[in-house]
file target.txt (compact mmCIF, C-alpha atoms and all ligand atoms)
# COMPACT_ATOMS: atom_id res chain seq x y z
CA MET T 1 -14.99 -4.83 -0.24
CA ASN T 2 -15.24 -2.33 -3.12
CA ASP T 3 -13.96 -3.22 -6.58
CA PHE T 4 -11.64 -0.25 -6.31
CA ILE T 5 -9.95 0.20 -2.96
CA ILE T 6 -8.83 3.56 -1.62
CA ALA T 7 -6.05 3.25 0.94
CA PRO T 8 -5.03 6.51 2.61
CA SER T 9 -1.38 6.51 3.70
CA ILE T 10 -1.16 7.68 7.29
CA LEU T 11 2.36 8.91 6.60
CA SER T 12 0.70 12.25 5.79
CA ALA T 13 -1.67 12.19 8.77
CA ASP T 14 -1.19 14.24 11.93
CA PHE T 15 0.71 11.75 14.10
CA ALA T 16 -0.20 13.66 17.26
CA ARG T 17 -3.86 12.72 16.61
CA LEU T 18 -3.38 9.45 14.75
CA GLY T 19 -6.36 7.50 16.13
CA GLU T 20 -8.71 10.37 15.35
CA GLU T 21 -7.20 10.83 11.88
CA VAL T 22 -7.73 7.15 11.06
CA ASP T 23 -11.32 7.26 12.36
CA ASN T 24 -12.01 10.38 10.29
CA VAL T 25 -10.58 9.04 7.05
CA LEU T 26 -12.52 5.77 7.42
CA LYS T 27 -15.69 7.72 8.17
CA ALA T 28 -14.95 9.74 5.03
CA GLY T 29 -15.15 6.56 2.95
CA ALA T 30 -11.65 5.05 2.88
CA ASP T 31 -11.63 1.25 2.51
CA ILE T 32 -8.38 0.31 4.23
CA ILE T 33 -5.46 2.03 5.96
CA HIS T 34 -1.99 2.10 4.40
CA PHE T 35 0.72 1.95 7.07
CA ASP T 36 4.26 2.92 5.95
CA VAL T 37 7.12 1.40 7.93
CA MET T 38 10.55 2.95 7.29
CA ASP T 39 13.80 2.03 9.03
CA ASN T 40 16.37 4.69 7.96
CA HIS T 41 18.35 1.83 6.39
CA TYR T 42 16.40 0.42 3.47
CA VAL T 43 14.97 3.92 2.93
CA PRO T 44 16.29 7.26 4.22
CA ASN T 45 13.46 7.95 6.65
CA LEU T 46 12.20 6.63 9.97
CA THR T 47 8.53 6.17 10.80
CA ILE T 48 6.35 3.86 12.86
CA GLY T 49 6.43 0.23 13.96
CA PRO T 50 4.22 -2.58 15.29
CA MET T 51 3.42 -0.79 18.56
CA VAL T 52 1.55 1.87 16.60
CA CYS T 53 -0.35 -0.76 14.62
CA LYS T 54 -1.33 -2.44 17.88
CA ALA T 55 -2.38 0.90 19.35
CA LEU T 56 -4.69 1.54 16.38
CA ARG T 57 -6.34 -1.87 16.92
CA LYS T 58 -6.72 -1.08 20.62
CA HIS T 59 -8.22 2.27 19.68
CA GLY T 60 -10.95 0.32 17.84
CA VAL T 61 -9.85 0.34 14.21
CA THR T 62 -11.39 -2.72 12.53
CA ALA T 63 -10.61 -1.86 8.89
CA GLU T 64 -7.84 -3.74 7.15
CA ILE T 65 -4.37 -2.37 7.89
CA ASP T 66 -2.10 -2.60 4.85
CA VAL T 67 1.46 -2.65 6.22
CA HIS T 68 4.07 -1.53 3.69
CA LEU T 69 7.44 -2.65 5.03
CA MET T 70 10.37 -0.53 3.85
CA VAL T 71 12.82 -2.26 6.17
CA LYS T 72 15.82 -4.51 5.70
CA PRO T 73 15.97 -7.29 6.76
CA VAL T 74 12.22 -7.87 6.64
CA ASP T 75 11.71 -11.21 8.39
CA ARG T 76 12.33 -9.90 11.90
CA MET T 77 9.41 -7.47 11.53
CA ILE T 78 6.88 -9.89 10.03
CA GLY T 79 5.99 -11.75 13.25
CA ASP T 80 5.69 -8.49 15.17
CA PHE T 81 3.24 -7.04 12.67
CA ILE T 82 1.17 -10.25 12.54
CA GLU T 83 0.91 -10.08 16.31
CA ALA T 84 0.11 -6.35 16.17
CA GLY T 85 -2.99 -6.89 14.01
CA ALA T 86 -1.80 -6.26 10.45
CA SER T 87 -4.14 -7.53 7.72
CA ILE T 88 -1.87 -7.25 4.68
CA ILE T 89 1.93 -7.21 4.82
CA THR T 90 3.97 -6.22 1.76
CA PHE T 91 7.74 -5.98 1.41
CA HIS T 92 10.36 -5.13 -1.21
CA PRO T 93 12.06 -8.20 -2.76
CA GLU T 94 15.50 -6.53 -2.51
CA ALA T 95 15.04 -6.36 1.27
CA SER T 96 14.56 -10.11 1.76
CA GLU T 97 17.25 -12.78 1.44
CA HIS T 98 14.56 -15.42 0.88
CA ILE T 99 11.48 -14.03 -0.77
CA ASP T 100 9.49 -17.26 -0.76
CA ARG T 101 10.16 -17.78 2.95
CA SER T 102 9.15 -14.21 3.86
CA LEU T 103 5.89 -14.58 1.91
CA GLN T 104 5.19 -17.92 3.56
CA MET T 105 5.79 -16.43 7.03
CA ILE T 106 3.16 -13.79 6.31
CA LYS T 107 0.65 -16.36 5.00
CA ASP T 108 1.29 -18.70 7.95
CA GLY T 109 0.47 -15.78 10.25
CA GLY T 110 -2.96 -15.45 8.64
CA CYS T 111 -2.24 -12.21 6.76
CA LYS T 112 -2.40 -11.41 3.07
CA ALA T 113 1.06 -11.14 1.52
CA GLY T 114 2.46 -8.88 -1.15
CA LEU T 115 5.57 -7.81 -3.02
CA VAL T 116 6.47 -4.17 -3.65
CA PHE T 117 8.31 -3.03 -6.76
CA ASN T 118 10.33 0.18 -6.83
CA PRO T 119 10.17 2.17 -10.07
CA ALA T 120 13.34 0.50 -11.39
CA THR T 121 12.75 -3.00 -9.98
CA PRO T 122 11.72 -5.52 -12.64
CA LEU T 123 8.58 -7.61 -12.19
CA HIS T 124 10.41 -10.90 -12.74
CA TYR T 125 10.62 -11.50 -8.97
CA LEU T 126 6.94 -12.39 -9.19
CA LYS T 127 7.16 -15.29 -11.58
CA HIS T 128 7.86 -18.11 -9.14
CA VAL T 129 5.77 -16.88 -6.21
CA LEU T 130 2.50 -15.90 -7.87
CA ASP T 131 0.69 -18.57 -5.84
CA LYS T 132 1.79 -16.93 -2.56
CA VAL T 133 1.02 -13.33 -3.44
CA ASP T 134 -2.30 -11.58 -2.68
CA MET T 135 -1.10 -8.09 -3.59
CA VAL T 136 1.36 -6.60 -6.07
CA LEU T 137 2.31 -3.06 -5.14
CA LEU T 138 3.97 -0.84 -7.72
CA MET T 139 5.77 2.19 -6.35
CA SER T 140 5.14 5.21 -8.53
CA VAL T 141 7.77 7.20 -6.62
CA ASN T 142 11.04 6.15 -5.01
CA PRO T 143 10.15 5.01 -1.50
CA GLY T 144 10.91 7.04 1.61
CA PHE T 145 8.71 10.11 1.53
CA GLY T 146 5.18 11.27 0.93
CA GLY T 147 4.29 14.19 -1.31
CA GLN T 148 6.40 13.22 -4.36
CA SER T 149 5.25 13.36 -8.00
CA PHE T 150 3.87 10.30 -9.79
CA ILE T 151 6.47 8.79 -12.18
CA PRO T 152 4.63 8.48 -15.54
CA GLY T 153 6.51 5.30 -16.60
CA THR T 154 4.52 3.49 -13.90
CA LEU T 155 1.53 3.40 -16.26
CA ASP T 156 3.32 1.02 -18.66
CA LYS T 157 4.53 -1.07 -15.74
CA LEU T 158 0.96 -1.27 -14.43
CA ARG T 159 -0.21 -2.56 -17.81
CA GLU T 160 2.57 -5.17 -17.72
CA ALA T 161 1.67 -6.22 -14.16
CA ARG T 162 -2.06 -6.37 -15.00
CA ALA T 163 -1.36 -8.69 -17.96
CA LEU T 164 0.82 -10.92 -15.80
CA ILE T 165 -1.77 -11.13 -13.02
CA ASP T 166 -4.64 -11.82 -15.40
CA ALA T 167 -2.64 -14.52 -17.18
CA SER T 168 -1.78 -16.17 -13.83
CA GLY T 169 -5.44 -16.86 -12.97
CA TYR T 170 -4.76 -16.02 -9.31
CA ASP T 171 -6.81 -13.52 -7.32
CA ILE T 172 -4.18 -10.81 -6.85
CA ARG T 173 -4.80 -7.11 -6.25
CA LEU T 174 -2.72 -4.51 -8.05
CA GLU T 175 -1.90 -1.54 -5.84
CA VAL T 176 -0.13 1.69 -6.72
CA ASP T 177 1.64 3.96 -4.26
CA GLY T 178 3.07 7.46 -4.68
CA GLY T 179 1.77 10.69 -6.15
CA VAL T 180 -1.78 9.39 -6.58
CA SER T 181 -4.49 12.07 -6.48
CA GLU T 182 -8.01 12.76 -7.71
CA LYS T 183 -6.38 14.22 -10.85
CA ASN T 184 -4.60 11.06 -12.05
CA ILE T 185 -6.51 8.23 -10.35
CA ALA T 186 -8.72 7.47 -13.39
CA GLU T 187 -5.73 7.19 -15.73
CA ILE T 188 -3.98 4.92 -13.20
CA ALA T 189 -7.08 2.72 -12.95
CA ARG T 190 -7.28 2.50 -16.73
CA ALA T 191 -3.70 1.19 -16.71
CA GLY T 192 -4.84 -1.69 -14.50
CA ALA T 193 -4.57 -0.68 -10.84
CA ASP T 194 -7.44 -1.58 -8.50
CA THR T 195 -6.03 -0.38 -5.17
CA PHE T 196 -4.87 3.20 -4.66
CA VAL T 197 -2.64 4.53 -1.90
CA ALA T 198 -2.91 8.27 -1.40
CA GLY T 199 -1.27 10.19 1.41
CA SER T 200 -0.82 13.90 0.80
CA ALA T 201 -3.72 14.05 -1.68
CA ILE T 202 -6.11 13.09 1.13
CA PHE T 203 -4.53 14.22 4.40
CA GLY T 204 -3.33 17.45 2.78
CA LYS T 205 -6.95 18.56 2.34
CA GLU T 206 -9.39 19.85 4.95
CA ASP T 207 -12.30 17.69 3.80
CA TYR T 208 -11.29 14.03 3.45
CA LYS T 209 -14.78 12.99 2.30
CA ASP T 210 -14.72 15.50 -0.51
CA VAL T 211 -11.41 14.13 -1.91
CA ILE T 212 -12.46 10.49 -1.51
CA ASP T 213 -15.85 11.16 -3.13
CA THR T 214 -14.09 12.88 -6.04
CA MET T 215 -11.73 9.92 -6.37
CA ARG T 216 -14.72 7.54 -6.46
CA LYS T 217 -16.45 9.65 -9.12
CA GLU T 218 -13.28 9.55 -11.21
CA LEU T 219 -13.07 5.78 -10.74
CA ALA T 220 -16.73 5.35 -11.71
CA SER T 221 -15.88 6.84 -15.10
CA VAL T 222 -13.40 3.98 -15.67
CA ARG T 223 -15.89 1.14 -15.36
O1 LIG T 301 5.31 4.32 0.71
C1 LIG T 301 5.21 5.50 0.51
C2 LIG T 301 6.39 6.37 0.35
O2 LIG T 301 7.53 5.60 0.46
C3 LIG T 301 3.85 6.05 0.34
O3 LIG T 301 2.86 5.23 0.90
C4 LIG T 301 3.61 7.51 0.57
O4 LIG T 301 3.23 7.79 1.88
C5 LIG T 301 2.56 8.03 -0.37
O5 LIG T 301 2.39 9.38 -0.18
P1 LIG T 301 1.81 10.33 -1.32
O6 LIG T 301 2.77 10.25 -2.51
O7 LIG T 301 0.46 9.81 -1.68
O8 LIG T 301 1.79 11.66 -0.68
CO CO T 302 3.54 3.09 1.09
call {"tool": "encode", "arguments": {"input": "target.txt", "output": "structure tokens", "more": "lines below"}}
Ligand SMILES: O=C(CO)[C@@H](O)[C@H](O)COP(=O)(O)O
Ligand SMILES: [Co+2]
result
Amino acid sequence: MNDFIIAPSILSADFARLGEEVDNVLKAGADIIHFDVMDNHYVPNLTIGPMVCKALRKHGVTAEIDVHLMVKPVDRMIGDFIEAGASIITFHPEASEHIDRSLQMIKDGGCKAGLVFNPATPLHYLKHVLDKVDMVLLMSVNPGFGGQSFIPGTLDKLREARALIDASGYDIRLEVDGGVSEKNIAEIARAGADTFVAGSAIFGKEDYKDVIDTMRKELASVR
């Protein structure tokens, strides 16, 4: 796996041709697929569930599927996504009554587990579960929709999260989600992110390879 991971969010893909869209974006150089699950309860939008994840596996997708759960309660969905072929499952701490238990359920199912922090959610939820977390996802927009603008305060929060992760000694990825594009990806990487979700910036363009290549060039300037 690359040092920097590019994770296109299929929220901005053409759902009528989802299998083809996922194939095309992987062929264009994406590392993993970001899969946004919204329930019209935890967030004011409704998207896709485990059946779609399973369908992508059946279609032949072998890349990691990074399931971002924006649902409340979360536990009921975890088993279904494990069974559907998810690779990584992340959830928002406010959406779980028992954060440690939800993380453990994901790990027991053989998936990588992660916590997602909204722009105004403090990082302190992490402190006592660092040993169970493979991914920390910082939202750089309020969750619910693609195509929003990156909230600049996320850069300081990324620096804080990077320091916390490095001090922990655990192997934890730091992902950022919302308003990421080829224009700001280098600055976001410099703040400490190593995994980049991008929906509209990739699927909004004709040539996915061109955007992903540009993102990689920008990232190469960081290292
Ligand atoms: O989880 C979410 C939104 O809640 C994201 O994954 C978006 O889908 C990202 O879209 P862009 O901001 O990159 O268009
Ligand atoms: Co997302």
call {"tool": "closest_atom_pairs", "arguments": {"input": "target.txt", "of": "region 24-84 of chain T", "to": "region 128-144 of chain T", "cutoff": "12 Å", "atoms": "all atoms listed in the file", "output": "JSON lines"}}
result
{"residue": "T:His34", "atom": "CA", "partner": "T:Leu137", "partner_atom": "CA", "distance": 11.7}
{"residue": "T:Asp36", "atom": "CA", "partner": "T:Gly144", "partner_atom": "CA", "distance": 8.9}
{"residue": "T:Val37", "atom": "CA", "partner": "T:Gly144", "partner_atom": "CA", "distance": 9.3}
{"residue": "T:Met38", "atom": "CA", "partner": "T:Gly144", "partner_atom": "CA", "distance": 7.0}
{"residue": "T:Asp39", "atom": "CA", "partner": "T:Gly144", "partner_atom": "CA", "distance": 9.4}
{"residue": "T:Asn40", "atom": "CA", "partner": "T:Gly144", "partner_atom": "CA", "distance": 8.7}
{"residue": "T:His41", "atom": "CA", "partner": "T:Gly144", "partner_atom": "CA", "distance": 10.3}
{"residue": "T:Tyr42", "atom": "CA", "partner": "T:Gly144", "partner_atom": "CA", "distance": 8.8}
{"residue": "T:Val43", "atom": "CA", "partner": "T:Gly144", "partner_atom": "CA", "distance": 5.3}
{"residue": "T:Pro44", "atom": "CA", "partner": "T:Gly144", "partner_atom": "CA", "distance": 6.0}
{"residue": "T:Asn45", "atom": "CA", "partner": "T:Gly144", "partner_atom": "CA", "distance": 5.7}
{"residue": "T:Leu46", "atom": "CA", "partner": "T:Gly144", "partner_atom": "CA", "distance": 8.5}
{"residue": "T:Thr47", "atom": "CA", "partner": "T:Gly144", "partner_atom": "CA", "distance": 9.5}
{"residue": "T:Asp66", "atom": "CA", "partner": "T:Met135", "partner_atom": "CA", "distance": 10.1}
{"residue": "T:Val67", "atom": "CA", "partner": "T:Leu137", "partner_atom": "CA", "distance": 11.4}
{"residue": "T:His68", "atom": "CA", "partner": "T:Leu137", "partner_atom": "CA", "distance": 9.1}
{"residue": "T:Leu69", "atom": "CA", "partner": "T:Pro143", "partner_atom": "CA", "distance": 10.4}
{"residue": "T:Met70", "atom": "CA", "partner": "T:Pro143", "partner_atom": "CA", "distance": 7.7}
{"residue": "T:Val71", "atom": "CA", "partner": "T:Gly144", "partner_atom": "CA", "distance": 10.5}
call {"tool": "closest_residue", "arguments": {"input": "target.txt", "among": "T:Ala193, T:Ala13, T:Ile5, T:Val222", "to": "ligand LIG 301 (chain T)", "atoms": "all atoms listed in the file"}}
result
T:Ala13
call {"tool": "atom_distance", "arguments": {"input": "target.txt", "atom1": "CA of Ile212 (chain T)", "atom2": "CA of Val25 (chain T)"}}
result
8.9 Å
call {"tool": "atom_distance", "arguments": {"input": "target.txt", "atom1": "CA of Leu219 (chain T)", "atom2": "CA of Phe4 (chain T)"}}
result
7.6 Å
call {"tool": "closest_atom_pairs", "arguments": {"input": "target.txt", "of": "chain T", "to": "ligand LIG 301 (chain T)", "cutoff": "7 Å", "atoms": "all atoms listed in the file", "output": "JSON lines"}}
result
{"residue": "T:Ser9", "atom": "CA", "partner": "T:LIG301", "partner_atom": "O4", "distance": 5.1}
{"residue": "T:Ile10", "atom": "CA", "partner": "T:LIG301", "partner_atom": "O4", "distance": 7.0}
{"residue": "T:Leu11", "atom": "CA", "partner": "T:LIG301", "partner_atom": "O4", "distance": 4.9}
{"residue": "T:Ser12", "atom": "CA", "partner": "T:LIG301", "partner_atom": "O4", "distance": 6.4}
{"residue": "T:His34", "atom": "CA", "partner": "T:LIG301", "partner_atom": "O3", "distance": 6.8}
{"residue": "T:Asp36", "atom": "CA", "partner": "T:LIG301", "partner_atom": "O1", "distance": 5.5}
{"residue": "T:His68", "atom": "CA", "partner": "T:LIG301", "partner_atom": "O1", "distance": 6.7}
{"residue": "T:Asn142", "atom": "CA", "partner": "T:LIG301", "partner_atom": "O2", "distance": 6.5}
{"residue": "T:Pro143", "atom": "CA", "partner": "T:LIG301", "partner_atom": "O2", "distance": 3.3}
{"residue": "T:Gly144", "atom": "CA", "partner": "T:LIG301", "partner_atom": "O2", "distance": 3.8}
{"residue": "T:Phe145", "atom": "CA", "partner": "T:LIG301", "partner_atom": "C2", "distance": 4.6}
{"residue": "T:Gly146", "atom": "CA", "partner": "T:LIG301", "partner_atom": "O5", "distance": 3.5}
{"residue": "T:Gly147", "atom": "CA", "partner": "T:LIG301", "partner_atom": "O8", "distance": 3.6}
{"residue": "T:Gln148", "atom": "CA", "partner": "T:LIG301", "partner_atom": "O6", "distance": 5.0}
{"residue": "T:Ser149", "atom": "CA", "partner": "T:LIG301", "partner_atom": "O6", "distance": 6.8}
{"residue": "T:Asp177", "atom": "CA", "partner": "T:LIG301", "partner_atom": "O3", "distance": 5.5}
{"residue": "T:Gly178", "atom": "CA", "partner": "T:LIG301", "partner_atom": "O6", "distance": 3.5}
{"residue": "T:Gly179", "atom": "CA", "partner": "T:LIG301", "partner_atom": "O6", "distance": 3.8}
{"residue": "T:Val180", "atom": "CA", "partner": "T:LIG301", "partner_atom": "O7", "distance": 5.4}
{"residue": "T:Val197", "atom": "CA", "partner": "T:LIG301", "partner_atom": "O7", "distance": 6.1}
{"residue": "T:Ala198", "atom": "CA", "partner": "T:LIG301", "partner_atom": "O7", "distance": 3.7}
{"residue": "T:Gly199", "atom": "CA", "partner": "T:LIG301", "partner_atom": "O7", "distance": 3.6}
{"residue": "T:Ser200", "atom": "CA", "partner": "T:LIG301", "partner_atom": "O8", "distance": 3.7}
{"residue": "T:Ala201", "atom": "CA", "partner": "T:LIG301", "partner_atom": "O7", "distance": 6.0}
call {"tool": "write_last_selection", "arguments": {"input": "target.txt", "atoms": "C-alpha atoms", "output": "PDB file, in the coordinates of the input"}}
result
ATOM      1  CA  SER T   9      -1.380   6.510   3.700  1.00  0.00           C
ATOM      2  CA  ILE T  10      -1.160   7.680   7.290  1.00  0.00           C
ATOM      3  CA  LEU T  11       2.360   8.910   6.600  1.00  0.00           C
ATOM      4  CA  SER T  12       0.700  12.250   5.790  1.00  0.00           C
ATOM      5  CA  HIS T  34      -1.990   2.100   4.400  1.00  0.00           C
ATOM      6  CA  ASP T  36       4.260   2.920   5.950  1.00  0.00           C
ATOM      7  CA  HIS T  68       4.070  -1.530   3.690  1.00  0.00           C
ATOM      8  CA  ASN T 142      11.040   6.150  -5.010  1.00  0.00           C
ATOM      9  CA  PRO T 143      10.150   5.010  -1.500  1.00  0.00           C
ATOM     10  CA  GLY T 144      10.910   7.040   1.610  1.00  0.00           C
ATOM     11  CA  PHE T 145       8.710  10.110   1.530  1.00  0.00           C
ATOM     12  CA  GLY T 146       5.180  11.270   0.930  1.00  0.00           C
ATOM     13  CA  GLY T 147       4.290  14.190  -1.310  1.00  0.00           C
ATOM     14  CA  GLN T 148       6.400  13.220  -4.360  1.00  0.00           C
ATOM     15  CA  SER T 149       5.250  13.360  -8.000  1.00  0.00           C
ATOM     16  CA  ASP T 177       1.640   3.960  -4.260  1.00  0.00           C
ATOM     17  CA  GLY T 178       3.070   7.460  -4.680  1.00  0.00           C
ATOM     18  CA  GLY T 179       1.770  10.690  -6.150  1.00  0.00           C
ATOM     19  CA  VAL T 180      -1.780   9.390  -6.580  1.00  0.00           C
ATOM     20  CA  VAL T 197      -2.640   4.530  -1.900  1.00  0.00           C
ATOM     21  CA  ALA T 198      -2.910   8.270  -1.400  1.00  0.00           C
ATOM     22  CA  GLY T 199      -1.270  10.190   1.410  1.00  0.00           C
ATOM     23  CA  SER T 200      -0.820  13.900   0.800  1.00  0.00           C
ATOM     24  CA  ALA T 201      -3.720  14.050  -1.680  1.00  0.00           C
TER      25      ALA T 201
END
call {"tool": "atom_distance", "arguments": {"input": "target.txt", "atom1": "CA of Pro50 (chain T)", "atom2": "CA of Lys72 (chain T)"}}
result
15.2 Å
call {"tool": "residues_around", "arguments": {"input": "target.txt", "residues": "region 156-170 of chain T", "least_positions_apart": "3", "cutoff": "6 Å", "atoms": "all atoms listed in the file", "output": "JSON, numbers by chain"}}
result
{"T": [153, 191, 192]}
call {"tool": "decode", "arguments": {"input": "target.txt", "residues": "region 201-218 of chain T", "atoms": "N, CA and C atoms", "output": "PDB file, in the first residue's frame"}}
result
ATOM      1  N   ALA T 201     -14.046  16.196  -6.086  1.00  0.00           N
ATOM      2  CA  ALA T 201     -12.811  16.597  -6.776  1.00  0.00           C
ATOM      3  C   ALA T 201     -12.387  15.557  -7.810  1.00  0.00           C
ATOM      4  N   ILE T 202     -12.751  14.294  -7.583  1.00  0.00           N
ATOM      5  CA  ILE T 202     -12.391  13.239  -8.544  1.00  0.00           C
ATOM      6  C   ILE T 202     -13.562  12.939  -9.486  1.00  0.00           C
ATOM      7  N   PHE T 203     -14.702  12.583  -8.915  1.00  0.00           N
ATOM      8  CA  PHE T 203     -15.828  12.163  -9.772  1.00  0.00           C
ATOM      9  C   PHE T 203     -16.457  13.341 -10.527  1.00  0.00           C
ATOM     10  N   GLY T 204     -16.132  14.555 -10.095  1.00  0.00           N
ATOM     11  CA  GLY T 204     -16.657  15.738 -10.788  1.00  0.00           C
ATOM     12  C   GLY T 204     -15.878  16.063 -12.058  1.00  0.00           C
ATOM     13  N   LYS T 205     -14.761  15.331 -12.276  1.00  0.00           N
ATOM     14  CA  LYS T 205     -13.940  15.589 -13.467  1.00  0.00           C
ATOM     15  C   LYS T 205     -14.144  14.477 -14.497  1.00  0.00           C
ATOM     16  N   GLU T 206     -13.858  14.780 -15.735  1.00  0.00           N
ATOM     17  CA  GLU T 206     -13.965  13.782 -16.806  1.00  0.00           C
ATOM     18  C   GLU T 206     -12.894  12.712 -16.655  1.00  0.00           C
ATOM     19  N   ASP T 207     -11.652  13.178 -16.388  1.00  0.00           N
ATOM     20  CA  ASP T 207     -10.497  12.291 -16.421  1.00  0.00           C
ATOM     21  C   ASP T 207     -10.006  12.009 -14.989  1.00  0.00           C
ATOM     22  N   TYR T 208     -10.417  10.863 -14.457  1.00  0.00           N
ATOM     23  CA  TYR T 208     -10.072  10.540 -13.058  1.00  0.00           C
ATOM     24  C   TYR T 208      -8.552  10.396 -12.890  1.00  0.00           C
ATOM     25  N   LYS T 209      -7.904   9.810 -13.900  1.00  0.00           N
ATOM     26  CA  LYS T 209      -6.456   9.568 -13.810  1.00  0.00           C
ATOM     27  C   LYS T 209      -5.698  10.900 -13.729  1.00  0.00           C
ATOM     28  N   ASP T 210      -6.172  11.851 -14.491  1.00  0.00           N
ATOM     29  CA  ASP T 210      -5.521  13.155 -14.493  1.00  0.00           C
ATOM     30  C   ASP T 210      -5.574  13.787 -13.087  1.00  0.00           C
ATOM     31  N   VAL T 211      -6.728  13.743 -12.437  1.00  0.00           N
ATOM     32  CA  VAL T 211      -6.843  14.336 -11.080  1.00  0.00           C
ATOM     33  C   VAL T 211      -5.979  13.560 -10.090  1.00  0.00           C
ATOM     34  N   ILE T 212      -6.058  12.222 -10.160  1.00  0.00           N
ATOM     35  CA  ILE T 212      -5.304  11.416  -9.187  1.00  0.00           C
ATOM     36  C   ILE T 212      -3.798  11.600  -9.402  1.00  0.00           C
ATOM     37  N   ASP T 213      -3.372  11.644 -10.649  1.00  0.00           N
ATOM     38  CA  ASP T 213      -1.944  11.891 -10.938  1.00  0.00           C
ATOM     39  C   ASP T 213      -1.514  13.252 -10.382  1.00  0.00           C
ATOM     40  N   THR T 214      -2.360  14.256 -10.572  1.00  0.00           N
ATOM     41  CA  THR T 214      -2.031  15.593 -10.050  1.00  0.00           C
ATOM     42  C   THR T 214      -1.947  15.553  -8.526  1.00  0.00           C
ATOM     43  N   MET T 215      -2.877  14.834  -7.905  1.00  0.00           N
ATOM     44  CA  MET T 215      -2.833  14.708  -6.437  1.00  0.00           C
ATOM     45  C   MET T 215      -1.520  14.055  -5.997  1.00  0.00           C
ATOM     46  N   ARG T 216      -1.118  13.004  -6.726  1.00  0.00           N
ATOM     47  CA  ARG T 216       0.134  12.304  -6.365  1.00  0.00           C
ATOM     48  C   ARG T 216       1.349  13.213  -6.543  1.00  0.00           C
ATOM     49  N   LYS T 217       1.327  14.016  -7.594  1.00  0.00           N
ATOM     50  CA  LYS T 217       2.447  14.955  -7.814  1.00  0.00           C
ATOM     51  C   LYS T 217       2.515  15.949  -6.661  1.00  0.00           C
ATOM     52  N   GLU T 218       1.347  16.448  -6.266  1.00  0.00           N
ATOM     53  CA  GLU T 218       1.292  17.382  -5.130  1.00  0.00           C
ATOM     54  C   GLU T 218       1.828  16.714  -3.867  1.00  0.00           C
TER      55      GLU T 218
END
